[in-house]
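Undergrad: After the structure tokens below, expect a handful of questions from me.
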Amino acid sequence: MVSTHETSDSPRSHPDEGRHERVAWTKGGSNLEVAEILGTAPLRITGDLDTACVDNRIELLVTKRFPRSEVVPAVVPVGFDADAIVSVAIAVGDGPHSPMAVSIGEAIARRLDVPGTVITAYAASDDYEDARYRLQRLTAPTTRLETTAIQTPDPRTITEHLSKDTLLVHGAAGGSFIDRHFTGTGNRLTSRARGCVLVVKDAPRRCFQIAVDPTGHAVAPELLVSDALHVMAYPFAPVVRAHRLLGIVRAHTLVHADAGATVASFVEPVDALERCEAIDGISTVRERLGDGPIPIIDDRGNLTGVILD
């Protein structure tokens with residue numbers, strides 16, 4: 001038996017949110033079409049995807065299969081055809097990729113100007129309140145999505161409620177009740193969908209995605225103290241020789257130094273963040289360093305960017 005509970009929120013008017021600034025796509029299928037919907041001037045990448053994504057500070061990758069690594073969030077289209085889509089259904093559970101599924105699904109619905117619905121499943125009547133809370137939590141940042149909770153022992157039956165002109169968006173393999181049924185071996189939700197599908201896989205936001213060009217924020221060790229104080233816009237600055245990070249220098253130290261001395265005499269060691277680290281570590285470094293350009297390095301110790309906020 002399958003029963004359905006409907007909860008509907010009226011769409012509220014809001015300014016159109018911007019597309020992702022840095023979207024990349026790989027050759028294959030409808031990847032470019034999806035990338036153009038989700039991004040501004042999407043970039044075609046080839047070769048080592050991780051390196052290309054990091055070097056180009058990519059925020060979202062549209063590709064024909066998920067990379068083994070999780071450097072950036074990724075979207076895999078299956079049979080995508082924008083002209084054939086009249087609605088978007090977003091299947092969610094408690095897995096880690098459901099928030100991204102909602103975000104991507106809403107973006108597609110908004111770009112194509114079609115209705116969108118977030119759908120979840122629950123096994124027993126006692127689980128309905130949890131399902132409703134899940135929908136409220138996941139759709140809180142959105143403005144135009146309706147929600148539906150379906151009672152069923154097999155979440156794959158969600159596809160029975162969808163027409164062939166409905167785009168289905170769901171997360172990659174996770175660990176929740178709904179995700180196990182959607183993505184377990186031989187039981188993939190994608191294979192049961194009547195229409196086109198987008199499968200999404202989230203990843204932590206990483207330092208390279210928010211870092212800015214270090215030009216103008218770093219100083220050379222040979223620079224005179226007086227010149228360094230003139231160019232430093234923050235209480236400290238990274239010290240770099242031939243791209244390699246040597247440490248930092250603090251303005252309050254230079255103020256009391258001989259103006260004719262060089263920065264090299266006042267360099268402090270610093271634990272920089274690597275560019276593929278998650279941004280969770282920024283707050284700890286900020287507490288230690290204070291206000292200023294936090295240095296971001298590659299695996300060779302070269303300064304590749306700084307984080308200002």
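Each chain in the structure tokens gets a letter, A, B and so on, in the order shown; residues start at 1 in every chain, and ligands are counted from 1 in the order they appear.
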Quick one: residues within 9 Å of region 259-272 of chain A, only C-alpha atoms counted, chain neighbours fewer than 4 positions away excluded, as a compact mmCIF listing (two decimals) with C-alpha atoms, in the first residue's frame?
TA:
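Dumped everything to selection26.txt:
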# COMPACT_ATOMS: atom_id res chain seq x y z
CA VAL A 219 55.79 40.70 0.04
CA ALA A 220 59.29 39.57 -0.89
CA PRO A 221 61.91 38.88 1.80
CA GLU A 222 64.30 41.34 0.12
CA LEU A 223 61.84 44.21 0.47
CA LEU A 224 62.90 47.05 2.74
CA VAL A 225 60.91 47.42 5.94
CA SER A 226 59.84 50.93 4.97
CA ASP A 227 58.57 49.74 1.60
CA ALA A 228 56.79 46.76 3.14
CA PRO A 238 52.67 36.39 3.49
CA VAL A 239 56.35 36.43 2.59
CA LEU A 245 55.76 30.64 0.99
CA LEU A 246 58.40 31.43 3.61
CA GLY A 247 56.08 32.60 6.38
CA ILE A 248 54.42 35.87 7.36
CA VAL A 249 55.56 39.25 8.56
CA ARG A 250 53.58 41.44 10.94
CA THR A 253 56.93 44.15 14.22
CA LEU A 254 58.13 46.21 11.26
CA VAL A 255 56.99 49.49 12.82
CA VAL A 285 43.92 29.80 11.51
CA LEU A 289 46.83 34.93 12.82
CA ILE A 294 45.53 33.73 5.16
CA PRO A 295 48.02 31.98 2.85
CA ILE A 296 46.85 29.03 0.74
CA ILE A 297 49.50 26.71 -0.70
CA GLY A 301 54.51 24.82 -0.67
Undergrad: Residues near Arg132 (chain A), anyone? I mean within 9 Å using only C-alpha atoms, not counting same-chain ones fewer than 4 positions away, as a ChimeraX atom specification.
TA: /A:7,120,127-128,136-137,147-149
Undergrad: Residues of the last selection are to be written out with N, CA and C atoms, as an mmCIF file, in the first residue's frame.
TA:
data_model
loop_
_atom_site.group_PDB
_atom_site.id
_atom_site.type_symbol
_atom_site.label_atom_id
_atom_site.label_comp_id
_atom_site.auth_asym_id
_atom_site.auth_seq_id
_atom_site.Cartn_x
_atom_site.Cartn_y
_atom_site.Cartn_z
ATOM 1 N N THR A 7 2.069 18.518 1.556
ATOM 2 C CA THR A 7 2.201 19.802 2.247
ATOM 3 C C THR A 7 2.688 20.786 1.217
ATOM 4 N N THR A 120 9.814 12.909 -0.308
ATOM 5 C CA THR A 120 10.518 11.976 0.562
ATOM 6 C C THR A 120 9.603 10.804 0.876
ATOM 7 N N ASP A 127 6.449 7.496 11.396
ATOM 8 C CA ASP A 127 7.591 8.228 10.837
ATOM 9 C C ASP A 127 7.176 9.482 10.073
ATOM 10 N N TYR A 128 5.878 9.730 9.988
ATOM 11 C CA TYR A 128 5.421 10.853 9.167
ATOM 12 C C TYR A 128 5.948 12.192 9.662
ATOM 13 N N GLN A 136 10.687 20.150 5.694
ATOM 14 C CA GLN A 136 10.759 21.546 6.132
ATOM 15 C C GLN A 136 12.206 22.010 6.243
ATOM 16 N N ARG A 137 13.046 21.132 6.792
ATOM 17 C CA ARG A 137 14.459 21.495 6.973
ATOM 18 C C ARG A 137 15.162 21.678 5.630
ATOM 19 N N THR A 147 6.117 20.308 -1.387
ATOM 20 C CA THR A 147 6.672 19.127 -0.736
ATOM 21 C C THR A 147 5.635 18.016 -0.675
ATOM 22 N N THR A 148 6.122 16.791 -0.760
ATOM 23 C CA THR A 148 5.260 15.613 -0.689
ATOM 24 C C THR A 148 5.960 14.514 0.100
ATOM 25 N N ALA A 149 5.228 13.897 1.035
ATOM 26 C CA ALA A 149 5.738 12.747 1.784
ATOM 27 C C ALA A 149 4.911 11.522 1.418
#
Undergrad: Any chance you could list, as a ChimeraX atom specification, the residues in region 22-145 of chain A that come up helix (DSSP H, G or I) when DSSP is run on the backbone?
TA: /A:31-38,49-55,82-84,98-112,125-139
Undergrad: Write out, as a PDB file, in the first residue's frame, the residues just selected, with C-alpha atoms.
TA:
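Output (part21.pdb):
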ATOM      1  CA  ASN A  31      26.619  17.785 -19.927  1.00  0.00           C
ATOM      2  CA  LEU A  32      27.037  21.102 -21.703  1.00  0.00           C
ATOM      3  CA  GLU A  33      23.284  21.741 -21.716  1.00  0.00           C
ATOM      4  CA  VAL A  34      23.073  21.198 -17.955  1.00  0.00           C
ATOM      5  CA  ALA A  35      26.218  23.234 -17.318  1.00  0.00           C
ATOM      6  CA  GLU A  36      24.797  26.175 -19.263  1.00  0.00           C
ATOM      7  CA  ILE A  37      21.624  26.079 -17.188  1.00  0.00           C
ATOM      8  CA  LEU A  38      23.482  25.960 -13.884  1.00  0.00           C
ATOM      9  CA  LEU A  49      39.677  16.459 -13.502  1.00  0.00           C
ATOM     10  CA  ASP A  50      40.885  17.166  -9.967  1.00  0.00           C
ATOM     11  CA  THR A  51      43.782  19.289 -11.175  1.00  0.00           C
ATOM     12  CA  ALA A  52      41.608  21.135 -13.681  1.00  0.00           C
ATOM     13  CA  CYS A  53      38.937  21.848 -11.073  1.00  0.00           C
ATOM     14  CA  VAL A  54      41.447  23.123  -8.524  1.00  0.00           C
ATOM     15  CA  ASP A  55      43.428  25.235 -10.993  1.00  0.00           C
ATOM     16  CA  ALA A  82      15.455  20.576 -21.203  1.00  0.00           C
ATOM     17  CA  ASP A  83      12.807  20.939 -23.910  1.00  0.00           C
ATOM     18  CA  ALA A  84      10.986  17.838 -22.666  1.00  0.00           C
ATOM     19  CA  SER A  98      19.944  15.733  -0.249  1.00  0.00           C
ATOM     20  CA  PRO A  99      20.563  19.453   0.433  1.00  0.00           C
ATOM     21  CA  MET A 100      22.466  19.702  -2.840  1.00  0.00           C
ATOM     22  CA  ALA A 101      19.680  17.834  -4.659  1.00  0.00           C
ATOM     23  CA  VAL A 102      17.205  20.451  -3.435  1.00  0.00           C
ATOM     24  CA  SER A 103      19.494  23.309  -4.446  1.00  0.00           C
ATOM     25  CA  ILE A 104      20.152  21.925  -7.931  1.00  0.00           C
ATOM     26  CA  GLY A 105      16.549  20.876  -8.452  1.00  0.00           C
ATOM     27  CA  GLU A 106      15.225  24.290  -7.529  1.00  0.00           C
ATOM     28  CA  ALA A 107      17.783  25.977  -9.765  1.00  0.00           C
ATOM     29  CA  ILE A 108      16.720  23.841 -12.728  1.00  0.00           C
ATOM     30  CA  ALA A 109      13.028  24.487 -12.056  1.00  0.00           C
ATOM     31  CA  ARG A 110      13.645  28.211 -11.823  1.00  0.00           C
ATOM     32  CA  ARG A 111      15.751  28.370 -14.998  1.00  0.00           C
ATOM     33  CA  LEU A 112      13.216  26.342 -16.983  1.00  0.00           C
ATOM     34  CA  SER A 125       2.817   6.062  10.046  1.00  0.00           C
ATOM     35  CA  ASP A 126       4.856   6.901  13.135  1.00  0.00           C
ATOM     36  CA  ASP A 127       7.591   8.228  10.837  1.00  0.00           C
ATOM     37  CA  TYR A 128       5.421  10.853   9.167  1.00  0.00           C
ATOM     38  CA  GLU A 129       6.379  13.690  11.505  1.00  0.00           C
ATOM     39  CA  ASP A 130      10.064  12.948  10.905  1.00  0.00           C
ATOM     40  CA  ALA A 131       9.442  12.990   7.159  1.00  0.00           C
ATOM     41  CA  ARG A 132       7.601  16.294   7.371  1.00  0.00           C
ATOM     42  CA  TYR A 133      10.409  17.796   9.459  1.00  0.00           C
ATOM     43  CA  ARG A 134      12.936  16.559   6.900  1.00  0.00           C
ATOM     44  CA  LEU A 135      11.048  18.333   4.135  1.00  0.00           C
ATOM     45  CA  GLN A 136      10.759  21.546   6.132  1.00  0.00           C
ATOM     46  CA  ARG A 137      14.459  21.495   6.973  1.00  0.00           C
ATOM     47  CA  LEU A 138      15.616  20.830   3.435  1.00  0.00           C
ATOM     48  CA  THR A 139      13.303  23.350   1.789  1.00  0.00           C
TER      49      THR A 139
END
Undergrad: Give me the residues within 6 Å of region 198-213 of chain A as a list in words, counting only C-alpha atoms and dropping any in the same chain fewer than 6 places off.
TA: Arg57, Glu70, Val72, Pro73, Ala74, Val75, Val76, Pro77, His97, Val169, His170, Gly171, Ala172, Arg275, Cys276, Glu277, Ala278, Ile279, Gly305, Val306 and Ile307 of chain A
Undergrad: Under the rule that only C-alpha atoms are counted, which of A:Val86, A:Ala218, A:Ile45, A:Leu162 is the nearest residue to Val240 (chain A)?
TA: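 Once distances to Val240 (chain A) are computed over only C-alpha atoms, the minimum belongs to A:Ala218.
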Undergrad: Mind pulling up the distance from CA of Thr159 (chain A) to CA of Val78 (chain A)?
TA: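 Spanning CA of Val78 (chain A) to CA of Thr159 (chain A) is a straight-line distance of 15.0 Å.
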Undergrad: Given only C-alpha atoms as the basis, pick out the residue of A:Ala233, A:Ile58, A:Ala24, A:Leu168 nearest to Pro42 (chain A).
TA: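 Looking at the shortest contact to Pro42 (chain A), the residue is A:Ala24.
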Undergrad: Write out as a PyMOL selection string each polymer residue whose atoms come within 6 Å of Ala89 (chain A), counting only C-alpha atoms; drop sequence neighbours fewer than 6 positions from it.
TA: chain A and resi 116-118+168
Undergrad: For the residues in the current selection, export N, CA and C atoms as a PDB file, in the first residue's frame.
TA:
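And here is the file that came out, part-v9.pdb:
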ATOM      1  N   GLY A 116       8.413  22.753  -9.200  1.00  0.00           N
ATOM      2  CA  GLY A 116       9.296  21.782  -8.568  1.00  0.00           C
ATOM      3  C   GLY A 116       8.695  21.263  -7.276  1.00  0.00           C
ATOM      4  N   THR A 117       8.918  19.990  -6.999  1.00  0.00           N
ATOM      5  CA  THR A 117       8.394  19.356  -5.790  1.00  0.00           C
ATOM      6  C   THR A 117       9.488  18.524  -5.135  1.00  0.00           C
ATOM      7  N   VAL A 118       9.611  18.658  -3.820  1.00  0.00           N
ATOM      8  CA  VAL A 118      10.541  17.840  -3.049  1.00  0.00           C
ATOM      9  C   VAL A 118       9.760  16.669  -2.464  1.00  0.00           C
ATOM     10  N   LEU A 168      13.786  14.011 -12.658  1.00  0.00           N
ATOM     11  CA  LEU A 168      14.023  13.513 -11.305  1.00  0.00           C
ATOM     12  C   LEU A 168      15.436  13.889 -10.874  1.00  0.00           C
TER      13      LEU A 168
END
Undergrad: Run DSSP on the backbone and grab whatever in region 3-210 of chain A lands in strand (DSSP E or B); send it over as a PyMOL selection string.
TA: chain A and resi 3-7+20+23-25+39+43-44+60-62+74-78+87-91+116-122+146-151+166-171+197-201+206
Undergrad: Restrict the selected residues to C-alpha atoms and save them as a CSV table (one decimal), in the first residue's frame.
TA:
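Output file part_29.csv follows:
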chain,number,residue,atom,x,y,z
A,3,SER,CA,-0.2,6.5,0.8
A,4,THR,CA,0.7,10.2,0.2
A,5,HIS,CA,0.6,13.2,2.4
A,6,GLU,CA,0.8,16.6,0.7
A,7,THR,CA,2.2,19.8,2.2
A,20,HIS,CA,27.2,29.3,-10.1
A,23,VAL,CA,31.0,25.5,-13.5
A,24,ALA,CA,32.9,23.0,-15.5
A,25,TRP,CA,31.8,20.2,-17.8
A,39,GLY,CA,26.5,28.1,-14.6
A,43,LEU,CA,34.3,25.8,-18.8
A,44,ARG,CA,35.1,22.6,-20.7
A,60,LEU,CA,30.4,22.6,-9.7
A,61,LEU,CA,31.3,19.8,-12.1
A,62,VAL,CA,28.9,18.4,-14.7
A,74,ALA,CA,29.3,17.0,-9.1
A,75,VAL,CA,26.2,16.4,-11.2
A,76,VAL,CA,25.6,13.5,-13.6
A,77,PRO,CA,22.8,13.9,-16.1
A,78,VAL,CA,21.0,10.8,-17.5
A,87,SER,CA,8.2,19.7,-13.9
A,88,VAL,CA,11.0,18.8,-11.5
A,89,ALA,CA,10.8,16.2,-8.7
A,90,ILE,CA,13.5,16.1,-6.1
A,91,ALA,CA,13.8,12.9,-4.1
A,116,GLY,CA,9.3,21.8,-8.6
A,117,THR,CA,8.4,19.4,-5.8
A,118,VAL,CA,10.5,17.8,-3.0
A,119,ILE,CA,9.5,14.2,-2.3
A,120,THR,CA,10.5,12.0,0.6
A,121,ALA,CA,9.4,8.5,1.7
A,122,TYR,CA,8.7,7.1,5.1
A,146,GLU,CA,6.2,22.2,-2.9
A,147,THR,CA,6.7,19.1,-0.7
A,148,THR,CA,5.3,15.6,-0.7
A,149,ALA,CA,5.7,12.7,1.8
A,150,ILE,CA,4.9,9.2,0.6
A,151,GLN,CA,4.4,6.3,2.9
A,166,THR,CA,9.3,15.1,-15.1
A,167,LEU,CA,13.0,15.6,-14.3
A,168,LEU,CA,14.0,13.5,-11.3
A,169,VAL,CA,16.9,14.9,-9.2
A,170,HIS,CA,18.3,12.8,-6.4
A,171,GLY,CA,21.5,12.3,-4.4
A,197,VAL,CA,17.5,12.3,-14.3
A,198,LEU,CA,20.1,14.3,-12.5
A,199,VAL,CA,22.2,12.5,-9.8
A,200,VAL,CA,24.1,14.8,-7.5
A,201,LYS,CA,27.1,14.3,-5.2
A,206,ARG,CA,37.3,24.0,-0.2
Undergrad: Could you check the closest approach to Asp81 (chain A) for each of A:Gly195, A:Pro293, A:Pro235, A:Gly95 and tell me which residue wins, using only C-alpha atoms?
TA: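 Looking only at the distances to Asp81 (chain A), the closest residue turns out to be A:Gly195.
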